[in-house]
Amino acid sequence: MTIGLLRYIIPVLAMLLTVPNNNNNDPSLMLPVIFETDHLAVVAKPPGIPCHRTEIETSSGRKRLQRNEDSGVTVLQLARRTFPHHSNIHLVHRLDAVTSGCLLLAFSSNACRQSSTALAQYGQKTYYSLCRGDGASLRDRGGPFLVNGDVKDSKGIQRQAETEIEGLWGSSGTPRRCCLVQSRPRTGRWHQIRQHLGRENFPIVGETRHHKDIRENRAWKEILDEIGIQQRVCLHCHQLKIENGLEGLVEN
């Protein structure tokens with residue numbers, strides 16, 4: 001196995017093995033910590049858990065306030081368990097409930113404001129997704145390319161959005177045609193990557209909102225069940241990089 005192939009396989013394994021937790025009310029459940037200082041932390045958000053109470057989605061894709069009878073917990077609740085010595089915990093940015101990966105937290109309102117500004121001005125998020133289709137037309141572009149097109153927000157209003165996309169690997173054989181895609185959003189719209197990839201005719205495996213395919217989802221569920229992996233929307237925030245603007249926050 002070559003190093004080049006490992007470059008593509010490792011993100012897929014990280015994404016697929018980060019599966020939804022069926023017992024989110026387990027009091028011992030906490031967030032894996034990737035990086036931590038006195039002011040900030042980067043955690044690994046599991047899929048299937050909303051960031052906060054206002055991020056519960058209905059079957060139509062709209063959002064509503066989470067009610068007490070709703071099952072499960074939120075990322076903020078898990079963060080309070082994970083960092084009990086911090087009285088204030090803020091989300092610097094958000095990930096969709098179905099998305100896993102790097103999530104930046106701040107332990108004060110000042111740290112949140114500073115890191116939010118730094119993320120907007122100097123930050124870059126890198127996502128990996130496993131998509132339907134062999135991805136040949138993406139790889140034929142010869143590298144990253146920009147998708148610039150409006151997407152609908154949670155209220156159905158069209159918003160301008162830009163995403164840099166690159167097809168990394170693809171398979172046209174068994175068990176299903178699929179490809180690995182790297183995405184770097186330049187704007188932060190609702191379900192932006194999911195909508196743009198669907199528009200490019202490479203919907204994410206497990207997608208239930210944008211360009212969903214019930215037959216494909218059923219086929220992928222059978223494939224993943226055979227190897228003991230629970231089905232999910234295969235979108236993962238692999239890297240969060242901020243070049244400048246965090247002075248005083250990243251040193252303990």
# chains A, B, ... in the order shown; residues from 1 in each chain; ligands from 1
>>> select_by_dssp(residues="stretch 41-163 of chain A", states="alpha helix (DSSP H)", output="number ranges by chain")
A: 75-82, 109-122, 136-139
>>> select_by_dssp(residues="stretch 14-250 of chain A", states="strand (DSSP E)", output="number ranges by chain")
A: 33-36, 40-45, 56-57, 63-64, 90-91, 100-106, 123-132, 145-148, 151-152, 158-159, 162-171, 178-185, 235-242
>>> atom_distance(atom1="atom CA of A:His196", atom2="atom CA of A:Ser171")
20.9 Å
>>> residues_around(residues="A:Leu246", least_positions_apart="4", cutoff="12 Å", atoms="only C-alpha atoms", output="JSON, numbers by chain")
{"A": [37, 39, 40, 106, 110, 111, 112, 113, 114, 115, 116, 117, 118, 119, 120, 121, 122, 123, 241, 242, 250, 251]}
>>> closest_residue(among="A:His191, A:Phe107, A:Met30, A:Gln160", to="A:Leu249", atoms="only C-alpha atoms")
A:Phe107
>>> residues_around(residues="A:Ile49", least_positions_apart="5", cutoff="8 Å", atoms="only C-alpha atoms", output="ChimeraX atom specification")
/A:20,72-75,97-98
>>> atom_distance(atom1="atom CA of A:Glu207", atom2="atom CA of A:Val233")
5.4 Å
>>> decode(residues="stretch 163-244 of chain A", atoms="C-alpha atoms", output="short mmCIF file (atom, residue, chain, number, x, y, z; two decimals), in the first residue's frame")
data_model
loop_
_atom_site.label_atom_id
_atom_site.label_comp_id
_atom_site.auth_asym_id
_atom_site.auth_seq_id
_atom_site.Cartn_x
_atom_site.Cartn_y
_atom_site.Cartn_z
CA THR A 163 -16.90 26.09 -1.68
CA GLU A 164 -13.53 24.87 -2.90
CA ILE A 165 -13.89 21.22 -3.95
CA GLU A 166 -11.35 18.59 -4.98
CA GLY A 167 -11.95 14.98 -5.97
CA LEU A 168 -9.25 12.86 -4.31
CA TRP A 169 -10.11 9.25 -5.06
CA GLY A 170 -12.86 7.21 -6.65
CA SER A 171 -14.03 3.67 -7.29
CA SER A 172 -16.33 2.41 -10.03
CA GLY A 173 -16.34 -1.17 -8.76
CA THR A 174 -17.74 -3.08 -5.85
CA PRO A 175 -19.33 -2.65 -3.44
CA ARG A 176 -20.74 0.65 -4.81
CA ARG A 177 -19.50 3.51 -6.96
CA CYS A 178 -18.13 6.12 -4.55
CA CYS A 179 -15.50 8.84 -4.23
CA LEU A 180 -13.65 10.77 -1.56
CA VAL A 181 -14.04 14.55 -1.83
CA GLN A 182 -12.20 17.33 0.00
CA SER A 183 -14.16 20.55 0.58
CA ARG A 184 -13.08 23.91 1.96
CA PRO A 185 -15.99 26.32 2.42
CA ARG A 186 -15.26 30.01 1.89
CA THR A 187 -18.63 31.04 3.28
CA GLY A 188 -20.59 29.55 6.15
CA ARG A 189 -24.09 28.83 4.84
CA TRP A 190 -26.58 26.25 6.08
CA HIS A 191 -25.74 22.76 4.71
CA GLN A 192 -23.48 24.50 2.19
CA ILE A 193 -21.17 21.59 1.37
CA ARG A 194 -24.05 19.13 1.24
CA GLN A 195 -25.98 21.34 -1.19
CA HIS A 196 -23.00 22.12 -3.42
CA LEU A 197 -21.93 18.48 -3.71
CA GLY A 198 -25.48 17.47 -4.52
CA ARG A 199 -25.58 20.13 -7.23
CA GLU A 200 -22.36 18.69 -8.68
CA ASN A 201 -24.18 15.32 -8.86
CA PHE A 202 -22.07 13.75 -6.12
CA PRO A 203 -24.38 13.64 -3.09
CA ILE A 204 -22.86 12.53 0.19
CA VAL A 205 -23.38 8.90 1.17
CA GLY A 206 -26.21 8.73 3.70
CA GLU A 207 -27.66 12.10 2.66
CA THR A 208 -31.28 12.45 3.75
CA ARG A 209 -31.99 16.08 2.84
CA HIS A 210 -30.29 17.18 -0.38
CA HIS A 211 -30.46 14.90 -3.43
CA LYS A 212 -31.27 11.92 -1.23
CA ASP A 213 -31.72 8.48 -2.76
CA ILE A 214 -33.59 5.96 -0.61
CA ARG A 215 -32.41 2.97 -2.66
CA GLU A 216 -28.75 4.04 -2.46
CA ASN A 217 -29.02 4.71 1.27
CA ARG A 218 -30.51 1.25 1.80
CA ALA A 219 -27.69 -0.34 -0.21
CA TRP A 220 -25.03 1.53 1.76
CA LYS A 221 -26.69 0.59 5.05
CA GLU A 222 -26.40 -3.09 4.11
CA ILE A 223 -22.72 -2.64 3.18
CA LEU A 224 -21.84 -0.82 6.41
CA ASP A 225 -23.87 -3.26 8.53
CA GLU A 226 -21.76 -6.12 7.20
CA ILE A 227 -18.58 -4.54 8.56
CA GLY A 228 -20.14 -3.35 11.81
CA ILE A 229 -20.35 0.38 11.02
CA GLN A 230 -23.54 2.31 11.67
CA GLN A 231 -24.87 4.32 8.74
CA ARG A 232 -24.46 8.09 8.87
CA VAL A 233 -24.12 11.12 6.62
CA CYS A 234 -20.45 10.74 5.68
CA LEU A 235 -19.28 14.33 6.19
CA HIS A 236 -16.37 15.01 8.54
CA CYS A 237 -14.54 18.22 9.51
CA HIS A 238 -11.01 16.86 9.37
CA GLN A 239 -8.96 20.01 10.04
CA LEU A 240 -9.44 23.46 11.51
CA LYS A 241 -6.55 25.85 10.84
CA ILE A 242 -6.23 29.46 12.01
CA GLU A 243 -3.06 31.23 10.88
CA ASN A 244 -3.30 34.45 12.94
#
